[in-house]
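Engineer: Here you go, one structure.
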Amino acid sequence: MRIGLVVTGGVDQSARERVVPALLWLVERLARRHDVEVFALQYHRKPRSYPLLGATVHDLGRVDRPAGLRRLRVGSRLRRAIAAHGPLDVLHAYWGMPAGAAATSAGRGLGVPVVVTLDSGELVALDDIDYGLQRRWIDRRAVARALRLASRVTVSTRFMAAMPALGSRPVEIVPIGVDTRLFPAAPRAEGPPWRLLRVASLNRVKDYPMLLRAMAAIVRRVPAVHLDIVGEDTLGGAIQAQAHALGLDDHVAFHGFQAADALGAFYARAHVHVVSSRHEAASVAMLEAACAGVPTVGTAVGYAADWASEGRGVAVPVGDAEALASGVVGLIEDPARRQQIATAARHWTLAHDADWTAAQFERIYAAITKSRIRN
């Protein structure tokens, strides 16, 4: 099968930096059995093509135009790129905007069926932090059109599948699994000291201010505790300054961006993984932690929302620092429950790994191409 994967970015030639690891894991597995052409929208300044993990990436280059004109240009340039490197049996857009909008427009013009995967903020509106594609009418319209034109729409969690912005559009739940080889379970010494871990970019939707308030409450109850924060800082040092103001210098360490193959060491020594986000479509970090045998206490978004009722995690209300602190302390003080949650989460994650994900998408591709032939 000839598959065209349409992405915003995350497929850098290094396969290590400026990448979306879960996306690379999918590309690598699909390319083992299929001809995979990856079309990256507006990542590099100038167009270029290069091999990546058995696939070929075609970067369209950036378009320096106003937003509305830029979308039109991206769609037309994508159609030309697909025509040049086709024919293709199926297109798969990762993220609704701009990939989903561009891919469904191109697919309609070329007669190619399109799968759209929603794995970001396509269905939410958080006005106070300028996050989500449901905030502006032009983005709502673009997302709705992509959903209408797509042959299939997938999401990673029941949490996303229940979003009102989907309307009556049916979706299929396909978790984007991890490469389990990178996150082996390892024996870890019990605390104290207790080690907490947060793996996520420092940005407004991840709600680090709430996490630090929770950490201050945790320290008051369990003084021998340490939080490792791994992720690129996009907030100019504001979170580090808040940690200092809260007197957490001895309890919090910022490690910056770390490549996926370096994360295993952080998970291996953690006792509890924490998620403080205002929104998560899923949270790949929860899967990485689960694979390594680390339970998660998180806000009720993404996998945390899905898993809490099934004993695979602990979910607390979004924005509630005291509840997050109590959830973490509760697991620290209850090793049997901590192990039970970790085991259940790991079992699910191993059963829904990157190989499983690739097989699910192959099944979807086959179904929609067969339907196209019959019609």
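Each chain of the structure tokens is named A, B, ... in the order shown, its residues numbered from 1; ligands are numbered from 1 in display order.
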Name the residues of stretch 69-139 of chain A that fall into strand (DSSP E) according to DSSP on the backbone, using the chain letters and numbers of this document, as number ranges by chain.

Structural biologist: A: 90-94, 114-118

Engineer: Could you pull the residues within 9 Å of A:Arg188, counting only C-alpha atoms, minus those fewer than 4 positions along the same chain, as an mmCIF file with N, CA and C atoms, in the first residue's frame?

Structural biologist:
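And here is the file that came out, part07.cif:
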```cif
data_model
loop_
_atom_site.group_PDB
_atom_site.id
_atom_site.type_symbol
_atom_site.label_atom_id
_atom_site.label_comp_id
_atom_site.auth_asym_id
_atom_site.auth_seq_id
_atom_site.Cartn_x
_atom_site.Cartn_y
_atom_site.Cartn_z
ATOM 1 N N ALA A 268 13.071 5.285 35.313
ATOM 2 C CA ALA A 268 13.578 4.156 36.096
ATOM 3 C C ALA A 268 13.740 4.491 37.572
ATOM 4 N N ARG A 269 13.953 5.759 37.904
ATOM 5 C CA ARG A 269 14.144 6.104 39.314
ATOM 6 C C ARG A 269 12.932 6.799 39.929
ATOM 7 N N ALA A 270 11.862 7.003 39.143
ATOM 8 C CA ALA A 270 10.680 7.702 39.657
ATOM 9 C C ALA A 270 9.763 6.748 40.407
ATOM 10 N N HIS A 271 9.117 7.276 41.430
ATOM 11 C CA HIS A 271 8.101 6.508 42.162
ATOM 12 C C HIS A 271 6.693 6.861 41.685
#
```

Engineer: List the spatial neighbours of stretch 136-149 of chain A as a ChimeraX atom specification - criterion: any atom at most 12 Å away, only C-alpha atoms, same-chain residues fewer than 2 positions off excluded.

Structural biologist: /A:67-68,71-72,92-109,111-118,121-127,130-134,151-155,164-171

Engineer: Do you know which residues are at most 9 Å from A:Ala185 counting only C-alpha atoms, after dropping those on the same chain fewer than 4 positions away, and could you put them as a count of residues only?

Structural biologist: 8

Engineer: Running DSSP on the backbone, which parts of stretch 10-168 of chain A land in helix (DSSP H, G or I), as a ChimeraX atom specification?

Structural biologist: /A:21-31,67-85,96-110,127-129,137-149,158-161,164-166

Engineer: Work out how far atom CA of A:Asp306 is from atom CA of A:Gly330, in Å to one decimal.

Structural biologist: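 Atom CA of A:Asp306 lies at a distance of 19.9 Å from atom CA of A:Gly330.
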
Engineer: Which residues, written as a PDB file with N, CA, C and O atoms, in the first residue's frame, have at least one atom at most 10 Å from stretch 259-264 of chain A, with only C-alpha atoms counted and residues fewer than 2 positions away on the same chain left out?

Structural biologist:
```
ATOM      1  N   ALA A  15      15.844  12.445  13.550  1.00  0.00           N
ATOM      2  CA  ALA A  15      15.037  11.403  14.205  1.00  0.00           C
ATOM      3  C   ALA A  15      15.205  11.426  15.718  1.00  0.00           C
ATOM      4  O   ALA A  15      14.853  10.465  16.402  1.00  0.00           O
ATOM      5  N   ARG A  16      15.698  12.564  16.243  1.00  0.00           N
ATOM      6  CA  ARG A  16      15.971  12.631  17.682  1.00  0.00           C
ATOM      7  C   ARG A  16      15.553  13.961  18.292  1.00  0.00           C
ATOM      8  O   ARG A  16      14.978  13.989  19.379  1.00  0.00           O
ATOM      9  N   GLU A  17      15.860  15.048  17.622  1.00  0.00           N
ATOM     10  CA  GLU A  17      15.513  16.375  18.116  1.00  0.00           C
ATOM     11  C   GLU A  17      14.429  16.992  17.223  1.00  0.00           C
ATOM     12  O   GLU A  17      14.360  16.712  16.040  1.00  0.00           O
ATOM     13  N   ARG A  18      13.581  17.815  17.864  1.00  0.00           N
ATOM     14  CA  ARG A  18      12.469  18.463  17.154  1.00  0.00           C
ATOM     15  C   ARG A  18      11.577  17.421  16.474  1.00  0.00           C
ATOM     16  O   ARG A  18      11.177  17.576  15.329  1.00  0.00           O
ATOM     17  N   VAL A  19      11.295  16.369  17.216  1.00  0.00           N
ATOM     18  CA  VAL A  19      10.467  15.293  16.680  1.00  0.00           C
ATOM     19  C   VAL A  19       9.305  15.005  17.626  1.00  0.00           C
ATOM     20  O   VAL A  19       9.329  15.379  18.795  1.00  0.00           O
ATOM     21  N   VAL A  20       8.294  14.341  17.097  1.00  0.00           N
ATOM     22  CA  VAL A  20       7.211  13.772  17.901  1.00  0.00           C
ATOM     23  C   VAL A  20       7.492  12.273  17.956  1.00  0.00           C
ATOM     24  O   VAL A  20       7.235  11.556  16.976  1.00  0.00           O
ATOM     25  N   PRO A  21       8.043  11.768  19.064  1.00  0.00           N
ATOM     26  CA  PRO A  21       8.482  10.370  19.094  1.00  0.00           C
ATOM     27  C   PRO A  21       7.399   9.372  18.700  1.00  0.00           C
ATOM     28  O   PRO A  21       7.659   8.438  17.933  1.00  0.00           O
ATOM     29  N   ALA A  22       6.175   9.546  19.199  1.00  0.00           N
ATOM     30  CA  ALA A  22       5.108   8.594  18.879  1.00  0.00           C
ATOM     31  C   ALA A  22       4.820   8.566  17.387  1.00  0.00           C
ATOM     32  O   ALA A  22       4.487   7.519  16.821  1.00  0.00           O
ATOM     33  N   ASP A 179       7.070   2.885  21.824  1.00  0.00           N
ATOM     34  CA  ASP A 179       8.082   1.855  21.598  1.00  0.00           C
ATOM     35  C   ASP A 179       8.515   1.356  22.970  1.00  0.00           C
ATOM     36  O   ASP A 179       9.293   2.005  23.678  1.00  0.00           O
ATOM     37  N   ARG A 181      10.472  -0.792  24.010  1.00  0.00           N
ATOM     38  CA  ARG A 181      11.884  -1.110  24.255  1.00  0.00           C
ATOM     39  C   ARG A 181      12.616   0.040  24.939  1.00  0.00           C
ATOM     40  O   ARG A 181      13.632  -0.187  25.620  1.00  0.00           O
ATOM     41  N   LEU A 182      12.116   1.252  24.763  1.00  0.00           N
ATOM     42  CA  LEU A 182      12.798   2.420  25.319  1.00  0.00           C
ATOM     43  C   LEU A 182      12.497   2.654  26.788  1.00  0.00           C
ATOM     44  O   LEU A 182      13.194   3.438  27.450  1.00  0.00           O
ATOM     45  N   PHE A 183      11.474   1.990  27.319  1.00  0.00           N
ATOM     46  CA  PHE A 183      11.021   2.265  28.685  1.00  0.00           C
ATOM     47  C   PHE A 183      10.854   0.970  29.469  1.00  0.00           C
ATOM     48  O   PHE A 183       9.752   0.621  29.898  1.00  0.00           O
ATOM     49  N   PRO A 184      11.933   0.239  29.684  1.00  0.00           N
ATOM     50  CA  PRO A 184      11.824  -1.038  30.386  1.00  0.00           C
ATOM     51  C   PRO A 184      11.500  -0.845  31.859  1.00  0.00           C
ATOM     52  O   PRO A 184      11.932   0.135  32.486  1.00  0.00           O
ATOM     53  N   ALA A 185      10.732  -1.776  32.390  1.00  0.00           N
ATOM     54  CA  ALA A 185      10.466  -1.760  33.827  1.00  0.00           C
ATOM     55  C   ALA A 185      11.728  -2.175  34.562  1.00  0.00           C
ATOM     56  O   ALA A 185      12.442  -3.092  34.142  1.00  0.00           O
ATOM     57  N   ALA A 186      12.028  -1.493  35.651  1.00  0.00           N
ATOM     58  CA  ALA A 186      13.242  -1.787  36.400  1.00  0.00           C
ATOM     59  C   ALA A 186      12.938  -1.686  37.887  1.00  0.00           C
ATOM     60  O   ALA A 186      12.117  -0.858  38.299  1.00  0.00           O
ATOM     61  N   VAL A 199       7.053  14.891  32.735  1.00  0.00           N
ATOM     62  CA  VAL A 199       7.664  14.953  31.404  1.00  0.00           C
ATOM     63  C   VAL A 199       6.703  15.680  30.479  1.00  0.00           C
ATOM     64  O   VAL A 199       5.680  15.123  30.059  1.00  0.00           O
ATOM     65  N   VAL A 230      11.167  17.384  33.117  1.00  0.00           N
ATOM     66  CA  VAL A 230      11.859  17.177  31.845  1.00  0.00           C
ATOM     67  C   VAL A 230      11.006  17.763  30.731  1.00  0.00           C
ATOM     68  O   VAL A 230       9.869  17.327  30.517  1.00  0.00           O
ATOM     69  N   GLY A 231      11.539  18.745  30.029  1.00  0.00           N
ATOM     70  CA  GLY A 231      10.791  19.334  28.935  1.00  0.00           C
ATOM     71  C   GLY A 231      11.368  20.680  28.528  1.00  0.00           C
ATOM     72  O   GLY A 231      11.976  21.388  29.340  1.00  0.00           O
ATOM     73  N   PHE A 257      14.945  19.901  27.642  1.00  0.00           N
ATOM     74  CA  PHE A 257      14.567  18.885  26.661  1.00  0.00           C
ATOM     75  C   PHE A 257      15.480  17.673  26.767  1.00  0.00           C
ATOM     76  O   PHE A 257      16.699  17.803  26.916  1.00  0.00           O
ATOM     77  N   PHE A 266      15.114   8.529  33.623  1.00  0.00           N
ATOM     78  CA  PHE A 266      14.273   9.313  34.526  1.00  0.00           C
ATOM     79  C   PHE A 266      13.110   8.473  35.056  1.00  0.00           C
ATOM     80  O   PHE A 266      12.797   8.507  36.254  1.00  0.00           O
ATOM     81  N   TYR A 267      12.469   7.723  34.157  1.00  0.00           N
ATOM     82  CA  TYR A 267      11.369   6.868  34.603  1.00  0.00           C
ATOM     83  C   TYR A 267      11.866   5.773  35.547  1.00  0.00           C
ATOM     84  O   TYR A 267      11.154   5.385  36.487  1.00  0.00           O
ATOM     85  N   ALA A 268      13.071   5.285  35.313  1.00  0.00           N
ATOM     86  CA  ALA A 268      13.578   4.156  36.096  1.00  0.00           C
ATOM     87  C   ALA A 268      13.740   4.491  37.572  1.00  0.00           C
ATOM     88  O   ALA A 268      13.685   3.586  38.420  1.00  0.00           O
ATOM     89  N   ARG A 269      13.953   5.759  37.904  1.00  0.00           N
ATOM     90  CA  ARG A 269      14.144   6.104  39.314  1.00  0.00           C
ATOM     91  C   ARG A 269      12.932   6.799  39.929  1.00  0.00           C
ATOM     92  O   ARG A 269      12.947   7.149  41.109  1.00  0.00           O
ATOM     93  N   ALA A 285       3.368  10.643  27.622  1.00  0.00           N
ATOM     94  CA  ALA A 285       4.213  10.468  28.809  1.00  0.00           C
ATOM     95  C   ALA A 285       3.589   9.501  29.804  1.00  0.00           C
ATOM     96  O   ALA A 285       4.304   8.761  30.496  1.00  0.00           O
ATOM     97  N   GLU A 288       4.566   6.116  28.524  1.00  0.00           N
ATOM     98  CA  GLU A 288       5.983   5.868  28.793  1.00  0.00           C
ATOM     99  C   GLU A 288       6.183   5.498  30.258  1.00  0.00           C
ATOM    100  O   GLU A 288       6.910   4.537  30.581  1.00  0.00           O
ATOM    101  N   ALA A 289       5.555   6.258  31.156  1.00  0.00           N
ATOM    102  CA  ALA A 289       5.672   5.969  32.582  1.00  0.00           C
ATOM    103  C   ALA A 289       5.094   4.596  32.910  1.00  0.00           C
ATOM    104  O   ALA A 289       5.703   3.803  33.641  1.00  0.00           O
ATOM    105  N   CYS A 291       4.734   2.029  30.948  1.00  0.00           N
ATOM    106  CA  CYS A 291       5.604   0.997  30.403  1.00  0.00           C
ATOM    107  C   CYS A 291       6.774   0.725  31.342  1.00  0.00           C
ATOM    108  O   CYS A 291       7.196  -0.425  31.520  1.00  0.00           O
ATOM    109  N   ALA A 292       7.297   1.779  31.978  1.00  0.00           N
ATOM    110  CA  ALA A 292       8.429   1.646  32.891  1.00  0.00           C
ATOM    111  C   ALA A 292       8.005   1.243  34.296  1.00  0.00           C
ATOM    112  O   ALA A 292       8.854   1.127  35.194  1.00  0.00           O
TER     113      ALA A 292
END
```

Engineer: What gap, in Å, lies between atom CA of A:Asp119 and atom CA of A:Val316?

Structural biologist: 21.4 Å

Engineer: Within 9 Å of A:Leu331, counting only C-alpha atoms, which residues qualify if same-chain residues fewer than 3 places away don't, as a list in words?

Structural biologist: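 Residues near the query, excluding close chain neighbours: His271, Val272, Pro295, Val297, Ser326, Gly327, Val328, Asp334, Pro335, Ala336, Arg337 and Arg338 of chain A.
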
Engineer: Write out as a VMD selection string the residues lying within 6 Å of stretch 46-57 of chain A, counting only C-alpha atoms and excluding same-chain residues fewer than 4 positions away.

Structural biologist: chain A and resid 28 31 36 to 39 61

Engineer: Any chance you can output those residues with C-alpha atoms as a CSV table (one decimal), in the first residue's frame?

Structural biologist:
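The resulting selection_12.csv:
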```csv
chain,number,residue,atom,x,y,z
A,28,GLU,CA,8.9,3.3,11.3
A,31,ALA,CA,7.4,1.7,6.5
A,36,VAL,CA,5.3,5.7,3.2
A,37,GLU,CA,5.5,9.2,1.9
A,38,VAL,CA,5.5,11.8,4.7
A,39,PHE,CA,4.4,15.4,3.8
A,61,GLY,CA,8.7,24.7,3.2
```
